Amino acid sequence: MKRVLEGSHAAAEAVRLARVKVISAFPITPQTHIVEKLSEFCSNGSMDAKFIKVESEHSALAAVIGSQSTGVRSFTATSSQGLALMHELLHWTSGARLPVVMVEVNRALAPGWNIWTDQTDSLSQRDTGWIQLYCETGQEVLDTTLMAYKLAEAVFLPVMVVLDAFFLSHTYEPVDVPEQESADKFLPDFEPAFSLDIRNAYTLNQLATPDVYMEMRYDMHLAMEDAKNRMADIENEFSKIFGRKYLPVEPFRCDDAETVFVTSGTITSTCRQLVNDLRKKGERVGLLKIKMFRPFPVKEVCNCLKNIKQVAVIDRNFSFGAGGIFAQEVRAALYGFINPAPCVMGFVCGLGGRDVTIETLTTIYKKAKNREAGQMESVWIDLKK
Amino acid sequence: MRENLKEKELVYSGHLACAGCGAVIAMRFFLNTLGKDTVMVIPACCWSIIAGPYPKSSLKIPVIHTAFETGGAMATGVRAGLDMKNDTKTTVVVWAGDGGTFDIGFQALSGAVERDENFIYVCYDNEAYMNTGVQRSSSTPYGAWTTTTPGEDWKKLRKKNIMGVLAAHRISYAATASIAYPEDLIYKIKKAKSIKGARFLHIFASCPTGWKMASELSVKIARMAVQTNIFPLYEIENGTKYSINFKPKNYNVKEYFMLQGRFKHLKQEHFEKIQEMVDDDWRLLCKKAS
Ligand SMILES: Cc1ncc(C[n+]2csc(CCOP(=O)(O)OP(=O)(O)O)c2C)c(N)n1
Ligand code: SF4
Ligand SMILES: [Mg+2]
């Protein structure tokens, strides 16, 4: 049924539909609406789940690791400082091979205090062994969260569903909320491969010597690689039932393009508009939306960008001493695969929630088309004097 | 009371502890009393090693190892998961060192006790971070040498009163116990098992390696700690009802200190000061129990 929902509530609806059994979370703006809605679901009986109200995000993820280890579907949600506080346990979750799903709302990191959107929080967790999926719309948040459980449980790795603060978390849009019956058909009960149970005295997460540690990590690597294929199957299955599909990357009007934007999150919607406007003026421009950041869809990115002259990567994030993070990843993906490689230019904008408007993107387009940016550094857009 | 705990042995020989390790004695009494329907959460501590490397285990029960500071939170999640599976038979236990309890894990423990989570939290107290090579903790007593309180910088601060802190949470049941008083320890384990909600056992567990003493002294030293009132045996119900389980005849603390290398730098004036602190603590405890 179509309902008008904010992104946060779209996430909460998906968690309800996934029949999650244990939720643990700690409030932080702009994630609060997700946990408030879930508290409501748990207390009014819409969900048969236990919501553990812990004293920190650190304990939230620890509790979720504990519950998931007993073999029940578990969930947490956080943002920014909360995600940073969870860092050690992010590694624990993936290393323990637990299919936990987290919704993470992109928010800037302090200091200074800033509650607005910025991707540096989730991107600085890129090496923790979590699958990361970035969303553009409320519908995509709901659908991705449902698919996230299926993916996590297929490869035994945790999944982070990422959405922009306010622009998505607090924005109301029409969202098709599936019936429980079709959600169940898509996502049946979880069957754990192992669990803490007195009938079977497993030891989990124990001491791993140099003799075995490396193989354990290699298995995680294989699972991460496998996630790409699994996600394709899961999307097919999802689209059969619900008629919607997203793909790890989505090319938009790229076919005869000379210049292509690379975007993620809600900037994508603004950029679609600009691409349409520019196309009307005869500009050969397109857009590549990256949804799956871990595992990075190297093949798909190469395929889409192989005949492109200029690539303008938009980064609402920054890695000090290196540059925009998506730009680095795109360059690394292209290197050695495509000869001659397109000219990849990185543009940093919208940090700490600053608006990224059609004008911002037009400035970037001009610079990219005329190759006014170097390939080694990121160009900061809309900086004040 | 006679108990044949060996018959119910849940700890394998061939574990990785040092000779004379009090933490292993504590585990054997505890597990063999509690029984096999137990899931154990072990945050980083000596027991992360003692329990054995993959794919072996020195414990015959399901165990989940976890990050140093997460005992209380991890057990909360494990309990919640088991509850959602309608498993009411299993007892969930946290088995943590003093560092994982008094210090880095304190927030998670305090949170869990405030929520009255249904599990038993055991702190085996060896009065320092032993796993990482004998560094001071807030449980290290006044007067002790550790590798981070070396030479003349021996610890000149009191041991944190963790029982008092937990009593302030109005925890259903908290008790101190010692590896040197098995009957008392077993009685407390059984009592803890019979209660629902958050329960805490603070077990004094000597560490020959970190305390610089002969391994055969483990139990003797633990007994002396009780007899000198350095580590009194008592229980607290609902955070208010104190009962003292053992009233010693005022032994002098000095002999206890003389047997341990970690105190060898102490002089008569220090013993006198420590004696005063111990007497003071004991008076306070007696007052609470009266
Ligand atoms: C976050 C974190 N910091 C530090 C460590 C290193 N570390 C592991 S065990 C330990 C000390 C444990 O002390 P305690 O809890 O008293 O147990 P014991 O080793 O004495 O048995 C330390 C410092 C760690 N594992 N994790
Ligand atoms: S260092 Fe101490 S506590 Fe750790 S295993 Fe050795 S004796 Fe036991
Ligand atoms: Mg210790």
# chains A, B, ... in the order shown; residues from 1 in each chain; ligands from 1
$ interface_residues --of "chain B" --to "chain A" --cutoff "6 Å" --atoms "only C-alpha atoms" --output "JSON, numbers by chain"
{"B": [37, 53, 54, 61, 62, 63, 64, 65, 73, 74, 76, 77, 78, 81, 111]}
$ write_last_selection --atoms "all heavy atoms" --output "compact mmCIF listing (two decimals), in the first residue's frame"
# COMPACT_ATOMS: atom_id res chain seq x y z
N ASP B 37 23.91 -26.26 31.79
CA ASP B 37 22.95 -25.44 31.03
C ASP B 37 23.30 -23.96 31.14
O ASP B 37 22.49 -23.13 31.56
CB ASP B 37 21.53 -25.70 31.53
CG ASP B 37 21.10 -27.13 31.24
OD1 ASP B 37 21.73 -27.76 30.37
OD2 ASP B 37 20.15 -27.61 31.89
N PRO B 53 42.81 -21.90 22.21
CA PRO B 53 42.74 -21.35 20.86
C PRO B 53 41.84 -22.18 19.95
O PRO B 53 41.65 -23.37 20.19
CB PRO B 53 44.19 -21.42 20.38
CG PRO B 53 44.75 -22.61 21.08
CD PRO B 53 44.02 -22.74 22.40
N TYR B 54 41.32 -21.54 18.91
CA TYR B 54 40.55 -22.25 17.88
C TYR B 54 41.37 -23.42 17.34
O TYR B 54 42.55 -23.25 17.09
CB TYR B 54 40.22 -21.27 16.74
CG TYR B 54 39.53 -21.89 15.56
CD1 TYR B 54 38.16 -22.01 15.54
CD2 TYR B 54 40.28 -22.36 14.47
CE1 TYR B 54 37.52 -22.61 14.46
CE2 TYR B 54 39.65 -22.95 13.39
CZ TYR B 54 38.28 -23.07 13.38
OH TYR B 54 37.65 -23.65 12.32
N ILE B 61 31.05 -25.97 27.84
CA ILE B 61 29.77 -25.27 27.66
C ILE B 61 29.92 -24.31 26.48
O ILE B 61 31.04 -24.01 26.07
CB ILE B 61 29.39 -24.46 28.92
CG1 ILE B 61 30.59 -23.57 29.32
CG2 ILE B 61 28.98 -25.38 30.06
CD1 ILE B 61 30.20 -22.39 30.12
N PRO B 62 28.81 -23.81 25.92
CA PRO B 62 28.92 -22.80 24.86
C PRO B 62 29.50 -21.49 25.41
O PRO B 62 29.09 -21.04 26.49
CB PRO B 62 27.48 -22.58 24.38
CG PRO B 62 26.63 -23.56 25.09
CD PRO B 62 27.40 -24.15 26.21
N VAL B 63 30.45 -20.95 24.66
CA VAL B 63 31.13 -19.73 25.12
C VAL B 63 31.13 -18.72 23.98
O VAL B 63 31.31 -19.08 22.82
CB VAL B 63 32.60 -20.05 25.49
CG1 VAL B 63 33.38 -18.77 25.78
CG2 VAL B 63 32.66 -20.98 26.69
N ILE B 64 30.93 -17.47 24.32
CA ILE B 64 31.13 -16.41 23.33
C ILE B 64 32.15 -15.42 23.88
O ILE B 64 31.96 -14.86 24.96
CB ILE B 64 29.80 -15.73 22.89
CG1 ILE B 64 30.08 -14.63 21.86
CG2 ILE B 64 29.01 -15.17 24.06
CD1 ILE B 64 28.83 -14.13 21.12
N HIS B 65 33.25 -15.30 23.16
CA HIS B 65 34.26 -14.32 23.55
C HIS B 65 33.86 -12.96 23.00
O HIS B 65 33.27 -12.88 21.93
CB HIS B 65 35.63 -14.72 23.00
CG HIS B 65 36.18 -15.95 23.64
ND1 HIS B 65 37.01 -15.88 24.73
CD2 HIS B 65 36.00 -17.26 23.37
CE1 HIS B 65 37.33 -17.13 25.11
NE2 HIS B 65 36.73 -17.98 24.29
N ALA B 73 26.73 -5.72 28.18
CA ALA B 73 25.89 -5.51 27.00
C ALA B 73 25.75 -6.79 26.18
O ALA B 73 24.66 -7.14 25.71
CB ALA B 73 26.47 -4.40 26.14
N MET B 74 26.84 -7.50 26.04
CA MET B 74 26.80 -8.75 25.26
C MET B 74 25.86 -9.75 25.91
O MET B 74 25.04 -10.39 25.24
CB MET B 74 28.22 -9.32 25.16
CG MET B 74 28.36 -10.56 24.35
SD MET B 74 28.06 -10.34 22.59
CE MET B 74 29.25 -9.09 22.20
N THR B 76 23.39 -9.11 27.82
CA THR B 76 22.03 -8.60 27.64
C THR B 76 21.46 -9.10 26.32
O THR B 76 20.32 -9.57 26.25
CB THR B 76 22.03 -7.06 27.63
OG1 THR B 76 22.54 -6.59 28.88
CG2 THR B 76 20.64 -6.50 27.42
N GLY B 77 22.27 -8.99 25.27
CA GLY B 77 21.83 -9.41 23.94
C GLY B 77 21.63 -10.92 23.86
O GLY B 77 20.66 -11.40 23.28
N VAL B 78 22.56 -11.66 24.46
CA VAL B 78 22.44 -13.13 24.44
C VAL B 78 21.15 -13.54 25.15
O VAL B 78 20.37 -14.35 24.64
CB VAL B 78 23.68 -13.78 25.11
CG1 VAL B 78 23.45 -15.27 25.33
CG2 VAL B 78 24.92 -13.57 24.25
N GLY B 81 18.12 -12.76 23.00
CA GLY B 81 17.98 -13.71 21.90
C GLY B 81 17.40 -15.03 22.40
O GLY B 81 16.47 -15.59 21.81
N GLY B 111 24.88 -0.27 33.14
CA GLY B 111 23.67 -0.21 32.32
C GLY B 111 22.84 -1.48 32.47
O GLY B 111 21.61 -1.43 32.66
$ residues_near_ligand --ligand "ligand 1" --cutoff "9 Å" --atoms "only C-alpha atoms and all ligand atoms" --output "PDB file with N, CA and C atoms, in the first residue's frame"
ATOM      1  N   GLU A  88      35.005  -0.450  17.119  1.00  0.00           N
ATOM      2  CA  GLU A  88      35.629  -1.734  17.471  1.00  0.00           C
ATOM      3  C   GLU A  88      34.651  -2.889  17.216  1.00  0.00           C
TER       4      GLU A  88
ATOM      5  N   ALA B  23      42.128 -18.007  39.046  1.00  0.00           N
ATOM      6  CA  ALA B  23      41.005 -17.799  38.135  1.00  0.00           C
ATOM      7  C   ALA B  23      40.460 -19.130  37.610  1.00  0.00           C
ATOM      8  N   PRO B  43      34.610 -11.505  28.198  1.00  0.00           N
ATOM      9  CA  PRO B  43      35.324 -10.363  27.620  1.00  0.00           C
ATOM     10  C   PRO B  43      36.834 -10.556  27.784  1.00  0.00           C
ATOM     11  N   ALA B  44      37.620  -9.765  27.083  1.00  0.00           N
ATOM     12  CA  ALA B  44      39.079  -9.920  27.122  1.00  0.00           C
ATOM     13  C   ALA B  44      39.587  -9.964  28.558  1.00  0.00           C
ATOM     14  N   CYS B  45      40.385 -10.984  28.865  1.00  0.00           N
ATOM     15  CA  CYS B  45      40.990 -11.165  30.193  1.00  0.00           C
ATOM     16  C   CYS B  45      41.863 -12.406  30.090  1.00  0.00           C
ATOM     17  N   CYS B  46      42.476 -12.820  31.189  1.00  0.00           N
ATOM     18  CA  CYS B  46      43.300 -14.029  31.129  1.00  0.00           C
ATOM     19  C   CYS B  46      42.503 -15.210  30.597  1.00  0.00           C
ATOM     20  N   TRP B  47      41.199 -15.250  30.898  1.00  0.00           N
ATOM     21  CA  TRP B  47      40.386 -16.376  30.479  1.00  0.00           C
ATOM     22  C   TRP B  47      40.168 -16.425  28.959  1.00  0.00           C
ATOM     23  N   SER B  48      40.442 -15.318  28.262  1.00  0.00           N
ATOM     24  CA  SER B  48      40.377 -15.360  26.789  1.00  0.00           C
ATOM     25  C   SER B  48      41.428 -16.331  26.266  1.00  0.00           C
ATOM     26  N   ALA B  67      34.479  -8.307  23.141  1.00  0.00           N
ATOM     27  CA  ALA B  67      35.375  -7.179  23.382  1.00  0.00           C
ATOM     28  C   ALA B  67      35.438  -6.857  24.875  1.00  0.00           C
ATOM     29  N   PHE B  68      36.584  -6.335  25.282  1.00  0.00           N
ATOM     30  CA  PHE B  68      36.952  -6.109  26.680  1.00  0.00           C
ATOM     31  C   PHE B  68      35.847  -5.411  27.487  1.00  0.00           C
ATOM     32  N   GLU B  69      35.216  -4.407  26.868  1.00  0.00           N
ATOM     33  CA  GLU B  69      34.326  -3.515  27.617  1.00  0.00           C
ATOM     34  C   GLU B  69      32.861  -3.876  27.473  1.00  0.00           C
ATOM     35  N   ALA B  96      34.264 -12.175  33.850  1.00  0.00           N
ATOM     36  CA  ALA B  96      35.171 -11.072  33.517  1.00  0.00           C
ATOM     37  C   ALA B  96      36.207 -10.853  34.606  1.00  0.00           C
ATOM     38  N   GLY B  97      37.325 -10.269  34.231  1.00  0.00           N
ATOM     39  CA  GLY B  97      38.352  -9.901  35.195  1.00  0.00           C
ATOM     40  C   GLY B  97      37.983  -8.592  35.880  1.00  0.00           C
ATOM     41  N   ASP B  98      38.870  -8.148  36.780  1.00  0.00           N
ATOM     42  CA  ASP B  98      38.594  -6.881  37.474  1.00  0.00           C
ATOM     43  C   ASP B  98      38.679  -5.707  36.501  1.00  0.00           C
ATOM     44  N   GLY B  99      39.584  -5.778  35.525  1.00  0.00           N
ATOM     45  CA  GLY B  99      39.677  -4.685  34.549  1.00  0.00           C
ATOM     46  C   GLY B  99      38.397  -4.572  33.740  1.00  0.00           C
ATOM     47  N   GLY B 100      37.894  -5.716  33.283  1.00  0.00           N
ATOM     48  CA  GLY B 100      36.671  -5.739  32.481  1.00  0.00           C
ATOM     49  C   GLY B 100      35.434  -5.381  33.285  1.00  0.00           C
ATOM     50  N   THR B 101      35.563  -5.349  34.610  1.00  0.00           N
ATOM     51  CA  THR B 101      34.415  -5.081  35.479  1.00  0.00           C
ATOM     52  C   THR B 101      34.484  -3.689  36.109  1.00  0.00           C
ATOM     53  N   PHE B 102      35.588  -3.425  36.812  1.00  0.00           N
ATOM     54  CA  PHE B 102      35.726  -2.156  37.548  1.00  0.00           C
ATOM     55  C   PHE B 102      35.984  -0.990  36.603  1.00  0.00           C
ATOM     56  N   ASP B 103      36.690  -1.267  35.499  1.00  0.00           N
ATOM     57  CA  ASP B 103      37.184  -0.183  34.652  1.00  0.00           C
ATOM     58  C   ASP B 103      36.455  -0.115  33.315  1.00  0.00           C
ATOM     59  N   ILE B 104      37.042  -0.714  32.307  1.00  0.00           N
ATOM     60  CA  ILE B 104      36.572  -0.495  30.930  1.00  0.00           C
ATOM     61  C   ILE B 104      35.163  -1.043  30.693  1.00  0.00           C
ATOM     62  N   GLY B 105      34.779  -2.082  31.423  1.00  0.00           N
ATOM     63  CA  GLY B 105      33.444  -2.657  31.225  1.00  0.00           C
ATOM     64  C   GLY B 105      32.409  -2.107  32.178  1.00  0.00           C
ATOM     65  N   CYS B 123      32.873 -11.476  38.530  1.00  0.00           N
ATOM     66  CA  CYS B 123      34.178 -10.833  38.380  1.00  0.00           C
ATOM     67  C   CYS B 123      35.175 -11.659  39.162  1.00  0.00           C
ATOM     68  N   TYR B 124      36.122 -12.279  38.454  1.00  0.00           N
ATOM     69  CA  TYR B 124      37.211 -12.930  39.183  1.00  0.00           C
ATOM     70  C   TYR B 124      38.297 -11.870  39.325  1.00  0.00           C
ATOM     71  N   ASP B 125      38.615 -11.594  40.563  1.00  0.00           N
ATOM     72  CA  ASP B 125      39.444 -10.418  40.857  1.00  0.00           C
ATOM     73  C   ASP B 125      40.879 -10.834  41.171  1.00  0.00           C
ATOM     74  N   ASN B 126      41.793 -10.491  40.273  1.00  0.00           N
ATOM     75  CA  ASN B 126      43.212 -10.729  40.556  1.00  0.00           C
ATOM     76  C   ASN B 126      43.955  -9.400  40.686  1.00  0.00           C
ATOM     77  N   GLU B 127      43.201  -8.350  40.827  1.00  0.00           N
ATOM     78  CA  GLU B 127      43.690  -7.033  41.237  1.00  0.00           C
ATOM     79  C   GLU B 127      44.696  -6.372  40.285  1.00  0.00           C
ATOM     80  N   ALA B 128      44.596  -6.690  39.008  1.00  0.00           N
ATOM     81  CA  ALA B 128      45.382  -5.981  37.988  1.00  0.00           C
ATOM     82  C   ALA B 128      45.011  -6.521  36.611  1.00  0.00           C
ATOM     83  N   TYR B 129      45.519  -5.865  35.576  1.00  0.00           N
ATOM     84  CA  TYR B 129      45.369  -6.380  34.201  1.00  0.00           C
ATOM     85  C   TYR B 129      46.464  -7.405  33.995  1.00  0.00           C
ATOM     86  N   MET B 130      46.136  -8.668  34.211  1.00  0.00           N
ATOM     87  CA  MET B 130      47.164  -9.707  34.149  1.00  0.00           C
ATOM     88  C   MET B 130      47.451 -10.126  32.716  1.00  0.00           C
ATOM     89  N   ASN B 131      46.397 -10.220  31.918  1.00  0.00           N
ATOM     90  CA  ASN B 131      46.545 -10.689  30.546  1.00  0.00           C
ATOM     91  C   ASN B 131      47.580  -9.885  29.777  1.00  0.00           C
ATOM     92  N   THR B 132      47.658  -8.591  30.048  1.00  0.00           N
ATOM     93  CA  THR B 132      48.582  -7.738  29.306  1.00  0.00           C
ATOM     94  C   THR B 132      49.891  -7.520  30.062  1.00  0.00           C
ATOM     95  N   GLY B 133      50.083  -8.229  31.185  1.00  0.00           N
ATOM     96  CA  GLY B 133      51.371  -8.157  31.858  1.00  0.00           C
ATOM     97  C   GLY B 133      51.390  -7.341  33.135  1.00  0.00           C
ATOM     98  N   VAL B 134      50.349  -7.477  33.955  1.00  0.00           N
ATOM     99  CA  VAL B 134      50.311  -6.901  35.309  1.00  0.00           C
ATOM    100  C   VAL B 134      50.362  -5.372  35.329  1.00  0.00           C
ATOM    101  N   GLN B 135      49.372  -4.748  34.686  1.00  0.00           N
ATOM    102  CA  GLN B 135      49.246  -3.299  34.844  1.00  0.00           C
ATOM    103  C   GLN B 135      48.173  -2.991  35.896  1.00  0.00           C
ATOM    104  N   ARG B 136      48.246  -1.832  36.505  1.00  0.00           N
ATOM    105  CA  ARG B 136      47.307  -1.499  37.579  1.00  0.00           C
ATOM    106  C   ARG B 136      45.884  -1.343  37.049  1.00  0.00           C
ATOM    107  N   SER B 137      44.940  -1.682  37.896  1.00  0.00           N
ATOM    108  CA  SER B 137      43.533  -1.427  37.595  1.00  0.00           C
ATOM    109  C   SER B 137      42.971  -0.655  38.780  1.00  0.00           C
ATOM    110  N   SER B 139      41.077  -1.872  40.724  1.00  0.00           N
ATOM    111  CA  SER B 139      40.936  -2.889  41.764  1.00  0.00           C
ATOM    112  C   SER B 139      42.280  -3.188  42.442  1.00  0.00           C
ATOM    113  N   CYS B 207      46.650 -14.624  41.858  1.00  0.00           N
ATOM    114  CA  CYS B 207      47.415 -14.748  40.625  1.00  0.00           C
ATOM    115  C   CYS B 207      48.893 -14.813  40.972  1.00  0.00           C
ATOM    116  N   GLY B 210      51.223 -12.557  38.698  1.00  0.00           N
ATOM    117  CA  GLY B 210      51.156 -11.104  38.844  1.00  0.00           C
ATOM    118  C   GLY B 210      51.444 -10.627  40.259  1.00  0.00           C
TER     119      GLY B 210
END
$ atom_distance --atom1 "CA of Gly239 in chain B" --atom2 "CA of Phe30 in chain B"
22.7 Å
$ residues_around --residues "Met220 in chain A" --least-positions-apart "5" --cutoff "12 Å" --atoms "only C-alpha atoms" --output "ChimeraX atom specification"
/A:91,93-98,127-131,155-158,213-215,225-227,295
$ select_by_dssp --residues "range 87-298 of chain A" --states "helix (DSSP H, G or I)" --output "JSON, numbers by chain"
{"A": [87, 88, 89, 90, 91, 92, 93, 94, 95, 120, 121, 122, 123, 138, 139, 140, 141, 142, 143, 144, 145, 146, 147, 148, 149, 150, 151, 152, 153, 154, 155, 180, 181, 182, 183, 184, 185, 186, 210, 211, 212, 213, 214, 215, 216, 217, 218, 219, 220, 221, 222, 223, 224, 225, 226, 227, 228, 229, 230, 231, 232, 233, 234, 235, 236, 237, 238, 239, 240, 241, 242, 267, 268, 269, 270, 271, 272, 273, 274, 275, 276, 277, 278, 279, 280, 298]}
$ residues_around --residues "range 314-317 of chain A" --least-positions-apart "4" --cutoff "9 Å" --atoms "only C-alpha atoms" --output "count of residues only"
29
$ atom_distance --atom1 "CA of Pro208 in chain B" --atom2 "CA of Lys264 in chain B"
14.4 Å
$ atom_distance --atom1 "CA of Lys267 in chain B" --atom2 "CA of Trp145 in chain B"
13.5 Å
$ residues_around --residues "Ala14 in chain A" --least-positions-apart "4" --cutoff "10 Å" --atoms "only C-alpha atoms" --output "number ranges by chain"
A: 9-10, 18-20, 141-147, 149, 177-178, 180, 183
$ residues_around --residues "range 15-17 of chain B" --least-positions-apart "4" --cutoff "10 Å" --atoms "only C-alpha atoms" --output "number ranges by chain"
B: 11, 21-24, 46-53, 56-59
$ write_last_selection --atoms "N, CA, C and O atoms" --output "CSV table (one decimal), in the first residue's frame"
chain,number,residue,atom,x,y,z
B,11,VAL,N,35.4,-28.3,33.3
B,11,VAL,CA,36.6,-27.6,32.8
B,11,VAL,C,37.6,-28.8,32.5
B,11,VAL,O,37.8,-29.6,33.3
B,21,CYS,N,46.9,-20.9,39.2
B,21,CYS,CA,46.0,-19.8,38.8
B,21,CYS,C,44.7,-19.8,39.6
B,21,CYS,O,43.9,-20.8,39.4
B,22,GLY,N,44.4,-18.8,40.4
B,22,GLY,CA,43.2,-18.7,41.1
B,22,GLY,C,41.9,-18.6,40.2
B,22,GLY,O,40.8,-19.0,40.6
B,23,ALA,N,42.1,-18.0,39.0
B,23,ALA,CA,41.0,-17.8,38.1
B,23,ALA,C,40.5,-19.1,37.6
B,23,ALA,O,39.3,-19.2,37.3
B,24,VAL,N,41.3,-20.1,37.5
B,24,VAL,CA,40.9,-21.5,37.1
B,24,VAL,C,40.1,-22.2,38.2
B,24,VAL,O,39.1,-22.8,38.0
B,46,CYS,N,42.5,-12.8,31.2
B,46,CYS,CA,43.3,-14.0,31.1
B,46,CYS,C,42.5,-15.2,30.6
B,46,CYS,O,43.0,-16.1,29.9
B,47,TRP,N,41.2,-15.2,30.9
B,47,TRP,CA,40.4,-16.4,30.5
B,47,TRP,C,40.2,-16.4,29.0
B,47,TRP,O,39.8,-17.5,28.4
B,48,SER,N,40.4,-15.3,28.3
B,48,SER,CA,40.4,-15.4,26.8
B,48,SER,C,41.4,-16.3,26.3
B,48,SER,O,41.3,-16.9,25.2
B,49,ILE,N,42.5,-16.5,27.0
B,49,ILE,CA,43.6,-17.4,26.6
B,49,ILE,C,43.4,-18.7,27.3
B,49,ILE,O,43.5,-19.8,26.6
B,50,ILE,N,43.1,-18.7,28.6
B,50,ILE,CA,42.9,-20.0,29.3
B,50,ILE,C,41.9,-20.9,28.6
B,50,ILE,O,42.1,-22.1,28.6
B,51,ALA,N,40.9,-20.3,28.0
B,51,ALA,CA,39.8,-21.2,27.4
B,51,ALA,C,40.3,-21.8,26.1
B,51,ALA,O,39.6,-22.7,25.6
B,52,GLY,N,41.5,-21.5,25.6
B,52,GLY,CA,42.1,-22.2,24.5
B,52,GLY,C,41.9,-21.6,23.1
B,52,GLY,O,40.9,-20.9,22.9
B,53,PRO,N,42.8,-21.9,22.2
B,53,PRO,CA,42.7,-21.3,20.9
B,53,PRO,C,41.8,-22.2,19.9
B,53,PRO,O,41.7,-23.4,20.2
B,56,LYS,N,40.0,-25.4,19.7
B,56,LYS,CA,39.8,-26.2,21.0
B,56,LYS,C,39.1,-25.4,22.0
B,56,LYS,O,39.0,-24.1,21.8
B,57,SER,N,38.7,-26.0,23.1
B,57,SER,CA,38.2,-25.3,24.2
B,57,SER,C,38.4,-26.0,25.5
B,57,SER,O,38.4,-27.3,25.5
B,58,SER,N,38.7,-25.3,26.6
B,58,SER,CA,38.9,-26.0,27.8
B,58,SER,C,37.6,-26.0,28.6
B,58,SER,O,37.6,-26.4,29.8
B,59,LEU,N,36.5,-25.4,28.1
B,59,LEU,CA,35.2,-25.4,28.7
B,59,LEU,C,34.2,-26.3,28.0
B,59,LEU,O,34.2,-26.2,26.8
$ select_by_dssp --residues "range 186-227 of chain B" --states "strand (DSSP E or B)" --output "VMD selection string"
chain B and resid 199 to 204
$ write_last_selection --atoms "C-alpha atoms" --output "PDB file, in the first residue's frame"
ATOM      1  CA  ARG B 199      23.255 -10.839  40.055  1.00  0.00           C
ATOM      2  CA  PHE B 200      26.900 -10.191  40.829  1.00  0.00           C
ATOM      3  CA  LEU B 201      29.599 -12.408  42.299  1.00  0.00           C
ATOM      4  CA  HIS B 202      32.924 -10.881  43.215  1.00  0.00           C
ATOM      5  CA  ILE B 203      35.400 -13.743  43.558  1.00  0.00           C
ATOM      6  CA  PHE B 204      38.859 -13.164  44.945  1.00  0.00           C
TER       7      PHE B 204
END
$ residues_around --residues "Lys247 in chain B" --least-positions-apart "3" --cutoff "10 Å" --atoms "only C-alpha atoms" --output "PyMOL selection string"
chain B and resi 226-229+232-234+244+250+286
$ write_last_selection --atoms "N, CA and C atoms" --output "PDB file, in the first residue's frame"
ATOM      1  N   VAL B 226      40.959 -13.085  53.464  1.00  0.00           N
ATOM      2  CA  VAL B 226      39.679 -13.073  54.196  1.00  0.00           C
ATOM      3  C   VAL B 226      39.944 -12.920  55.695  1.00  0.00           C
ATOM      4  N   GLN B 227      40.927 -13.672  56.188  1.00  0.00           N
ATOM      5  CA  GLN B 227      41.174 -13.669  57.637  1.00  0.00           C
ATOM      6  C   GLN B 227      41.685 -12.328  58.154  1.00  0.00           C
ATOM      7  N   THR B 228      42.308 -11.576  57.279  1.00  0.00           N
ATOM      8  CA  THR B 228      42.831 -10.267  57.696  1.00  0.00           C
ATOM      9  C   THR B 228      41.808  -9.156  57.468  1.00  0.00           C
ATOM     10  N   ASN B 229      40.637  -9.526  56.929  1.00  0.00           N
ATOM     11  CA  ASN B 229      39.602  -8.522  56.585  1.00  0.00           C
ATOM     12  C   ASN B 229      39.956  -7.679  55.372  1.00  0.00           C
ATOM     13  N   PRO B 232      36.740  -9.230  52.911  1.00  0.00           N
ATOM     14  CA  PRO B 232      35.701  -9.878  53.716  1.00  0.00           C
ATOM     15  C   PRO B 232      34.656 -10.585  52.862  1.00  0.00           C
ATOM     16  N   LEU B 233      34.055 -11.615  53.425  1.00  0.00           N
ATOM     17  CA  LEU B 233      33.008 -12.364  52.718  1.00  0.00           C
ATOM     18  C   LEU B 233      31.640 -11.873  53.182  1.00  0.00           C
ATOM     19  N   TYR B 234      30.873 -11.343  52.249  1.00  0.00           N
ATOM     20  CA  TYR B 234      29.536 -10.850  52.617  1.00  0.00           C
ATOM     21  C   TYR B 234      28.598 -10.858  51.426  1.00  0.00           C
ATOM     22  N   ILE B 244      27.260 -10.452  56.746  1.00  0.00           N
ATOM     23  CA  ILE B 244      28.658 -10.886  56.722  1.00  0.00           C
ATOM     24  C   ILE B 244      28.688 -12.395  56.957  1.00  0.00           C
ATOM     25  N   ASN B 250      40.507 -10.809  63.684  1.00  0.00           N
ATOM     26  CA  ASN B 250      41.440  -9.685  63.588  1.00  0.00           C
ATOM     27  C   ASN B 250      42.909 -10.067  63.433  1.00  0.00           C
ATOM     28  N   CYS B 286      30.567  -3.610  59.003  1.00  0.00           N
ATOM     29  CA  CYS B 286      29.824  -4.139  60.158  1.00  0.00           C
ATOM     30  C   CYS B 286      28.623  -3.255  60.454  1.00  0.00           C
TER      31      CYS B 286
END
